[in-house]
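*Asks:* Take a look at this one; I'll ask things after.
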Amino acid sequence: MATAYHNLSEYDFNSVPNAENMKFGIVVSEWNYNITGALLQGAITTLKKHGAKDENILVETVPGSFELTFGASQFIKSGKVDAVIAIGCVVRGDTPHFDYVCMGATQGVAQLNATTDTPVIYGLITTNTMEQAEERAGGKLGNKGDECAVTAIKMIDFACRLKK
């Protein structure tokens, strides 16, 4: 569903499992930190709202969105997390660089999800303008970080239910 038709911060609170015993890695891009920092805060706030403990939320930064895949893979290899949230922001410019970064990060997250047992949540905002990014980082369309946190909780729960 297009974000224009759905506020990223609206969800049924009761549909989200308790995250008290879950461990999360959040890898966040330093590039466009005015956006990614807001997404990070949204994710952390939502995780805590659902019971996640401070000591079970690990945050690491990488220089840019292209490096999110490596950061996520290192969290997975560490064995310290049950899910990884990859947070980045790429705003279209005048060159094809936008396309390469977005494609690389998207394919990297998809590959990790297909080849590991740890869910990696896609928190990459890809917009045409900085204004569109701001709208999705706590602006009128909500906060994508909230949505990513809820998704991480639900995917950990999903994986745990299948292992029973």
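Chain lettering (A, B, ...) mirrors the order of the structure tokens, residue numbering begins at 1 for each chain separately, and ligand numbering begins at 1 in order of display.
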Considering only strand (DSSP E or B) as DSSP defines it on the backbone, what residues of region 2-37 of chain A qualify? List them as JSON, numbers by chain.
*Replies:* {"A": [24, 25, 26, 27, 28, 29]}
*Asks:* Deliver the residues from the most recent selection as a file, using all heavy atoms, as a compact mmCIF listing (two decimals), in the first residue's frame.
*Replies:*
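Here's the written file again-v4.txt:
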```txt
# COMPACT_ATOMS: atom_id res chain seq x y z
N PHE A 24 17.18 -6.93 19.47
CA PHE A 24 17.14 -6.21 18.20
C PHE A 24 18.47 -5.55 17.89
O PHE A 24 19.10 -4.95 18.77
CB PHE A 24 16.06 -5.11 18.25
CG PHE A 24 14.71 -5.63 18.61
CD1 PHE A 24 14.30 -5.71 19.94
CD2 PHE A 24 13.83 -6.06 17.63
CE1 PHE A 24 13.06 -6.19 20.28
CE2 PHE A 24 12.58 -6.55 17.96
CZ PHE A 24 12.20 -6.62 19.28
N GLY A 25 18.88 -5.64 16.65
CA GLY A 25 19.99 -4.85 16.14
C GLY A 25 19.42 -3.80 15.21
O GLY A 25 18.53 -4.10 14.41
N ILE A 26 19.89 -2.59 15.35
CA ILE A 26 19.47 -1.53 14.44
C ILE A 26 20.73 -0.96 13.80
O ILE A 26 21.63 -0.47 14.50
CB ILE A 26 18.69 -0.40 15.14
CG1 ILE A 26 17.48 -0.96 15.89
CG2 ILE A 26 18.27 0.66 14.12
CD1 ILE A 26 16.71 0.09 16.70
N VAL A 27 20.83 -1.08 12.49
CA VAL A 27 21.94 -0.49 11.76
C VAL A 27 21.39 0.73 11.02
O VAL A 27 20.39 0.63 10.31
CB VAL A 27 22.63 -1.52 10.82
CG1 VAL A 27 21.68 -2.11 9.80
CG2 VAL A 27 23.85 -0.91 10.16
N VAL A 28 22.01 1.86 11.26
CA VAL A 28 21.48 3.13 10.76
C VAL A 28 22.55 3.89 9.98
O VAL A 28 23.69 3.99 10.41
CB VAL A 28 20.88 3.98 11.91
CG1 VAL A 28 21.90 4.29 12.97
CG2 VAL A 28 20.22 5.24 11.40
N SER A 29 22.14 4.40 8.85
CA SER A 29 23.03 5.17 7.99
C SER A 29 23.27 6.56 8.57
O SER A 29 22.33 7.24 9.00
CB SER A 29 22.41 5.30 6.59
OG SER A 29 23.12 6.25 5.82
```
*Asks:* Give me every alpha helix (DSSP H) residue in region 59-155 of chain A, going by DSSP on the backbone, as an MDAnalysis selection string.
*Replies:* chainID A and resid 68:78 97:115 130:135 144:155
*Asks:* Which residues, written as a ChimeraX atom specification, have at least one atom at most 7 Å from region 109-118 of chain A, with only C-alpha atoms counted and residues fewer than 5 positions away on the same chain left out?
*Replies:* /A:69,76,82-83
*Asks:* Rank A:Leu58, A:Cys89, A:Ala52, A:Ala149 by their smallest atom-to-atom distance to Ala105 (chain A), using only C-alpha atoms, and report the top residue only.
*Replies:*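 Distance minimum relative to Ala105 (chain A) lands on A:Cys89.
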*Asks:* Show which residues sit within 6 Å of Asp146 (chain A), as a list of chain:residue names. Count only C-alpha atoms, and ignore same-chain residues fewer than 4 positions away.
*Replies:*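 In the requested format, the answer is A:Ser9, A:Gly42, A:Ala43, A:Thr46.
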*Asks:* For the atom pair CA of Asp12 (chain A) and CA of Lys164 (chain A), what is the interatomic distance in Å to one decimal place?
*Replies:*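 We find that CA of Asp12 (chain A) and CA of Lys164 (chain A) lie 25.4 Å from each other.
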*Asks:* Which residue out of A:Ile57, A:Met130, A:Val120, A:Val81 has the minimum interatomic distance to Asn34 (chain A) when only C-alpha atoms are used?
*Replies:* A:Met130
*Asks:* I want to know what sits within 10 Å of Thr126 (chain A), based on only C-alpha atoms, with residues of the same chain fewer than 2 positions away left out; could you give that as an MDAnalysis selection string?
*Replies:* chainID A and resid 88:92 98:99 101:102 123:124 128:130 132:133
*Asks:* What's the separation between CA of Phe75 (chain A) and CA of Asp157 (chain A), in Å to one decimal place?
*Replies:*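 The value is 18.6 Å.
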*Asks:* Quick check, in Å to one decimal: how far apart do CA of Gly64 (chain A) and CA of Thr151 (chain A) lie?
*Replies:*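 So the two atoms, CA of Gly64 (chain A) and CA of Thr151 (chain A), lie 22.4 Å apart.
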*Asks:* Of the candidates A:Ser73, A:Ser78, A:Thr95, A:Thr61, which shows the shortest atom-to-atom distance to Gly37 (chain A), using only C-alpha atoms?
*Replies:*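 Closest candidate: A:Thr61.
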*Asks:* Give me the residues near Gly142 (chain A) as a PyMOL selection string, where near means some atom within 10 Å (using only C-alpha atoms) and where sequence neighbours in that chain fewer than 4 positions away do not count.
*Replies:* chain A and resi 3+6-10+39+42+134-138+146-147
